[in-house]
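Each remark here refers to the structure printed beneath this line.
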Amino acid sequence: MRGWYFSIPLLMFSIFSVACCIERGLFWWKITHRQEAIVRQSLNQYRRNPRAAQYMLEQNADLPIARIFLAGLDLNEASPEDFRLALETALAAEVPLLKRFNTVFDTVITIAPFLGLLGTVTGIIQILSSIQLGDIGGTDTQGVGQGIAEALYSTAFGLIVAIPTLLISNTFRSLYLRQLSKIQEYGGELELLHRQRQELQTQQPSQRPHMKPGPTSSSTIPPYSSLEQSVQEPYANPGREF
C-alpha cells in the first residue's frame with residue numbers, strides 16, 4: 001500500500017480519540033442521569049433545612065454543580081454579593097473539566113484529513129517516479145491505476161477518523177453549552193433562596209417590639225437586685241446626699 005507509513009499516526013489518533021470519547025461519554029451520562037434529581041432535592045431541602053441540603057450535596061460531590069453549590073454554602077452567613085462571587089469562582093474552576101478534551105478533538109479533526117492527503121500525495125509521487133517515459137503505454141504501466149487506488153486509501157482513512165470525531169465533538173460541545181446554562185439557572189435559584197433567607201433573618205429582630213426587657217436589656221429601669229439593695233440598705237453610704 002502506497003503511503004502506508006502515514007497511516008500509523010492516523011491509527012494512533014483514532015485510538016486516542018476513541019478513548020477520549022469513552023471517557024467523555026461516561027462523564028456526560030453521569031451528569032444527565034443524576035444531576036436533575038439531586039439539584040431539585042437539594043433546593044427543596046435548602047428551603048427547610050440548609051444543613052440537610054449541604055449534606056446531600058456533599059454526598060454527591062462528584063457532580064460539578066454540587067461542588068459549585070457547596071462553594072457558596074460553605075460560607076457562613078455570607079452576604080448575597082459574597083455568595084454570588086463564590087458561585088461564579090467555583091463555576092470558573094469547573095469549566096476546564098466540562099470542556100475537557102475539546103482541544104484534542106479539534107486537533108484530530110484538523111490533522112487527520114491532512115495526514116491522509118499527505119499519504120496519498122507521497123504515494124502518487126512514488127508511482128509516477130517509478131514510471132519510465134519510454135514505458136508509457138507498455139506493460140510496465142498496467143499497475144499504475146492499482147497503485148493510485150492504494151495511495152487514495154490513506155485519504156479515505158484520514159476522513160474515516162476525522163468525520164466521526166467531528167460529530168462526537170459537536171455532541172459534547174452542545175452538552176457543555178446546555179450544562180452551562182443549567183448551572184446558571186440553578187445557581188440563580190440558589191442565590192435567590194439565599195437572599196430571601198438573609199432578608200428573613202434581618203427582619204426577625206425587628207418583629208419583637210413587645211418583649212419584656214431582661215437584665216441585659218437597654219431599658220432605664222435598674223434590675224430587681226439593685227432595687228432590693230437600695231431598699232434594704234438606705235444608709236449604706238452615709239455621705240450620699242438625697
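Note on naming: chains are A, B, ... as they come in the C-alpha cells, residues start from 1 per chain, ligands start from 1 in the order shown.
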**Asked** Counting only C-alpha atoms, what is within 7 Å of A:Ile124, bar same-chain residues fewer than 4 positions away, as a count of residues only?
**Response** 4
**Message:** At a cut-off of 8 Å, using only C-alpha atoms, what residues contact A:Gln35? Leave out same-chain residues fewer than 5 positions from it and give the result as an MDAnalysis selection string.
**Reply:** chainID A and resid 30 63 65
For stretch 158-206 of chain A versus stretch 90-99 of chain A, which residues have an atom no more than 10 Å away, and what is each residue's nearest atom pair and distance in Å rounded to one decimal, using only C-alpha atoms, chain-then-number order, as JSON lines?
{"residue": "A:Phe172", "atom": "CA", "partner": "A:Lys99", "partner_atom": "CA", "distance": 8.4}
{"residue": "A:Arg173", "atom": "CA", "partner": "A:Lys99", "partner_atom": "CA", "distance": 7.6}
{"residue": "A:Leu175", "atom": "CA", "partner": "A:Leu98", "partner_atom": "CA", "distance": 9.0}
{"residue": "A:Tyr176", "atom": "CA", "partner": "A:Leu98", "partner_atom": "CA", "distance": 6.2}
{"residue": "A:Leu177", "atom": "CA", "partner": "A:Leu98", "partner_atom": "CA", "distance": 9.3}
{"residue": "A:Gln179", "atom": "CA", "partner": "A:Leu98", "partner_atom": "CA", "distance": 8.4}
{"residue": "A:Leu180", "atom": "CA", "partner": "A:Val95", "partner_atom": "CA", "distance": 8.5}
{"residue": "A:Ile183", "atom": "CA", "partner": "A:Leu91", "partner_atom": "CA", "distance": 8.1}
{"residue": "A:Gln184", "atom": "CA", "partner": "A:Leu91", "partner_atom": "CA", "distance": 9.0}
{"residue": "A:Gly187", "atom": "CA", "partner": "A:Leu91", "partner_atom": "CA", "distance": 9.6}
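The residue that comes closest to A:Leu193, out of A:Arg48, A:Arg67, A:Arg100, A:Arg178 and on the basis of only C-alpha atoms, is A:Arg48.
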**Complete:** A:Val104 proximity check over A:Thr122, A:Thr89, A:Ser174, A:Ser14, using only C-alpha atoms: winner is A:Ser14
**Of the listed residues A:Tyr55, A:Trp28, A:Phe83, A:Tyr153, that which approaches A:Leu115 most closely, counting only C-alpha atoms** = A:Tyr153
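For the atom pair formed by atom CA of A:Ser154 and atom CA of A:Thr171, the distance is 26.6 Å, given to one decimal.
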**Message:** Can you pull out the residues contacting A:Asp74? Cut-off 12 Å, using only C-alpha atoms, and skip same-chain residues under 2 positions away; I want them as a list in words.
**Reply:** Pro50, Arg51, Ala53, Gln54, Tyr55, Leu57, Glu58, Ala66, Arg67, Ile68, Phe69, Leu70, Ala71, Gly72, Asn76, Glu77, Ala78, Asp82, Phe83, Ala86, Leu87 and Ala90 of chain A
Write out the residues from the selection above, keeping N, CA, C and O atoms, as a PDB file, in the first residue's frame.
ATOM      1  N   PRO A  50     -31.042  24.166  55.561  1.00  0.00           N
ATOM      2  CA  PRO A  50     -29.824  24.319  54.756  1.00  0.00           C
ATOM      3  C   PRO A  50     -28.761  23.275  55.058  1.00  0.00           C
ATOM      4  O   PRO A  50     -28.023  22.872  54.170  1.00  0.00           O
ATOM      5  N   ARG A  51     -28.684  22.837  56.315  1.00  0.00           N
ATOM      6  CA  ARG A  51     -27.676  21.836  56.656  1.00  0.00           C
ATOM      7  C   ARG A  51     -27.956  20.504  55.969  1.00  0.00           C
ATOM      8  O   ARG A  51     -27.033  19.820  55.523  1.00  0.00           O
ATOM      9  N   ALA A  53     -29.487  20.167  53.080  1.00  0.00           N
ATOM     10  CA  ALA A  53     -29.138  20.356  51.672  1.00  0.00           C
ATOM     11  C   ALA A  53     -27.635  20.285  51.465  1.00  0.00           C
ATOM     12  O   ALA A  53     -27.157  19.684  50.489  1.00  0.00           O
ATOM     13  N   GLN A  54     -26.883  20.862  52.369  1.00  0.00           N
ATOM     14  CA  GLN A  54     -25.426  20.811  52.260  1.00  0.00           C
ATOM     15  C   GLN A  54     -24.912  19.385  52.401  1.00  0.00           C
ATOM     16  O   GLN A  54     -23.995  18.966  51.692  1.00  0.00           O
ATOM     17  N   TYR A  55     -25.506  18.620  53.300  1.00  0.00           N
ATOM     18  CA  TYR A  55     -25.100  17.215  53.468  1.00  0.00           C
ATOM     19  C   TYR A  55     -25.408  16.410  52.209  1.00  0.00           C
ATOM     20  O   TYR A  55     -24.597  15.572  51.785  1.00  0.00           O
ATOM     21  N   LEU A  57     -25.527  17.519  49.137  1.00  0.00           N
ATOM     22  CA  LEU A  57     -24.571  17.903  48.098  1.00  0.00           C
ATOM     23  C   LEU A  57     -23.195  17.304  48.370  1.00  0.00           C
ATOM     24  O   LEU A  57     -22.482  16.926  47.431  1.00  0.00           O
ATOM     25  N   GLU A  58     -22.807  17.198  49.623  1.00  0.00           N
ATOM     26  CA  GLU A  58     -21.520  16.583  49.947  1.00  0.00           C
ATOM     27  C   GLU A  58     -21.505  15.107  49.580  1.00  0.00           C
ATOM     28  O   GLU A  58     -20.450  14.568  49.208  1.00  0.00           O
ATOM     29  N   ALA A  66     -22.764  20.190  42.132  1.00  0.00           N
ATOM     30  CA  ALA A  66     -22.753  20.024  43.586  1.00  0.00           C
ATOM     31  C   ALA A  66     -21.559  20.747  44.202  1.00  0.00           C
ATOM     32  O   ALA A  66     -21.688  21.398  45.252  1.00  0.00           O
ATOM     33  N   ARG A  67     -20.415  20.653  43.556  1.00  0.00           N
ATOM     34  CA  ARG A  67     -19.233  21.363  44.070  1.00  0.00           C
ATOM     35  C   ARG A  67     -19.415  22.884  43.970  1.00  0.00           C
ATOM     36  O   ARG A  67     -18.933  23.633  44.831  1.00  0.00           O
ATOM     37  N   ILE A  68     -20.100  23.331  42.932  1.00  0.00           N
ATOM     38  CA  ILE A  68     -20.353  24.768  42.793  1.00  0.00           C
ATOM     39  C   ILE A  68     -21.279  25.254  43.908  1.00  0.00           C
ATOM     40  O   ILE A  68     -21.032  26.298  44.528  1.00  0.00           O
ATOM     41  N   PHE A  69     -22.334  24.509  44.195  1.00  0.00           N
ATOM     42  CA  PHE A  69     -23.248  24.895  45.270  1.00  0.00           C
ATOM     43  C   PHE A  69     -22.555  24.875  46.625  1.00  0.00           C
ATOM     44  O   PHE A  69     -22.792  25.749  47.469  1.00  0.00           O
ATOM     45  N   LEU A  70     -21.708  23.880  46.852  1.00  0.00           N
ATOM     46  CA  LEU A  70     -21.014  23.784  48.137  1.00  0.00           C
ATOM     47  C   LEU A  70     -20.067  24.955  48.356  1.00  0.00           C
ATOM     48  O   LEU A  70     -19.840  25.366  49.497  1.00  0.00           O
ATOM     49  N   ALA A  71     -19.515  25.494  47.273  1.00  0.00           N
ATOM     50  CA  ALA A  71     -18.628  26.653  47.415  1.00  0.00           C
ATOM     51  C   ALA A  71     -19.359  27.841  48.022  1.00  0.00           C
ATOM     52  O   ALA A  71     -18.769  28.628  48.769  1.00  0.00           O
ATOM     53  N   GLY A  72     -20.636  27.986  47.723  1.00  0.00           N
ATOM     54  CA  GLY A  72     -21.405  29.069  48.313  1.00  0.00           C
ATOM     55  C   GLY A  72     -21.950  28.729  49.688  1.00  0.00           C
ATOM     56  O   GLY A  72     -21.959  29.563  50.588  1.00  0.00           O
ATOM     57  N   ASN A  76     -20.263  30.876  55.865  1.00  0.00           N
ATOM     58  CA  ASN A  76     -21.202  31.092  56.958  1.00  0.00           C
ATOM     59  C   ASN A  76     -21.710  32.536  56.940  1.00  0.00           C
ATOM     60  O   ASN A  76     -20.919  33.479  57.014  1.00  0.00           O
ATOM     61  N   GLU A  77     -23.034  32.655  56.855  1.00  0.00           N
ATOM     62  CA  GLU A  77     -23.685  33.973  56.888  1.00  0.00           C
ATOM     63  C   GLU A  77     -23.077  34.928  55.857  1.00  0.00           C
ATOM     64  O   GLU A  77     -22.764  36.073  56.133  1.00  0.00           O
ATOM     65  N   ALA A  78     -22.889  34.421  54.643  1.00  0.00           N
ATOM     66  CA  ALA A  78     -22.304  35.252  53.594  1.00  0.00           C
ATOM     67  C   ALA A  78     -23.343  36.231  53.061  1.00  0.00           C
ATOM     68  O   ALA A  78     -24.537  35.934  52.999  1.00  0.00           O
ATOM     69  N   ASP A  82     -21.152  38.188  48.279  1.00  0.00           N
ATOM     70  CA  ASP A  82     -20.112  37.187  48.500  1.00  0.00           C
ATOM     71  C   ASP A  82     -20.576  35.802  48.059  1.00  0.00           C
ATOM     72  O   ASP A  82     -19.789  35.018  47.519  1.00  0.00           O
ATOM     73  N   PHE A  83     -21.837  35.512  48.292  1.00  0.00           N
ATOM     74  CA  PHE A  83     -22.389  34.215  47.875  1.00  0.00           C
ATOM     75  C   PHE A  83     -22.341  34.074  46.357  1.00  0.00           C
ATOM     76  O   PHE A  83     -21.937  33.019  45.837  1.00  0.00           O
ATOM     77  N   ALA A  86     -18.752  33.551  45.166  1.00  0.00           N
ATOM     78  CA  ALA A  86     -18.286  32.189  45.413  1.00  0.00           C
ATOM     79  C   ALA A  86     -18.802  31.228  44.344  1.00  0.00           C
ATOM     80  O   ALA A  86     -18.060  30.360  43.864  1.00  0.00           O
ATOM     81  N   LEU A  87     -20.057  31.379  43.953  1.00  0.00           N
ATOM     82  CA  LEU A  87     -20.611  30.528  42.898  1.00  0.00           C
ATOM     83  C   LEU A  87     -19.913  30.765  41.560  1.00  0.00           C
ATOM     84  O   LEU A  87     -19.593  29.812  40.833  1.00  0.00           O
ATOM     85  N   ALA A  90     -16.392  29.212  41.631  1.00  0.00           N
ATOM     86  CA  ALA A  90     -16.445  27.753  41.513  1.00  0.00           C
ATOM     87  C   ALA A  90     -16.814  27.323  40.099  1.00  0.00           C
ATOM     88  O   ALA A  90     -16.293  26.328  39.587  1.00  0.00           O
TER      89      ALA A  90
END
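Put simply, atom CA of A:Ala162 is 4.6 Å away from atom CA of A:Ile109.
Going from atom CA of A:Asn44 to atom CA of A:Leu73 covers 14.5 Å.
In this comparison, which uses only C-alpha atoms, the residue of A:Thr32, A:Thr155, A:Asn49, A:Gln196 approaching A:Gly119 most closely is A:Thr155.
Taking only C-alpha atoms into account, A:Asn102 lies nearest to A:Thr165 out of the set A:Arg34, A:Pro9, A:Thr165, A:Glu185.
Every protein or nucleic acid residue with an atom no more than 12 Å from stretch 166-170 of chain A, counting only C-alpha atoms and leaving out same-chain residues fewer than 6 positions away, appears here: Ser17, Val18, Cys20, Cys21, Ile22, Arg24, Gly25, Lys99, Arg100, Phe101, Asn102, Thr103, Val104, Phe105, Asp106, Thr107, Val108, Ile109, Thr110, Ile111, Ala112, Pro113, Leu159, Ile160, Tyr176 and Leu177 of chain A.
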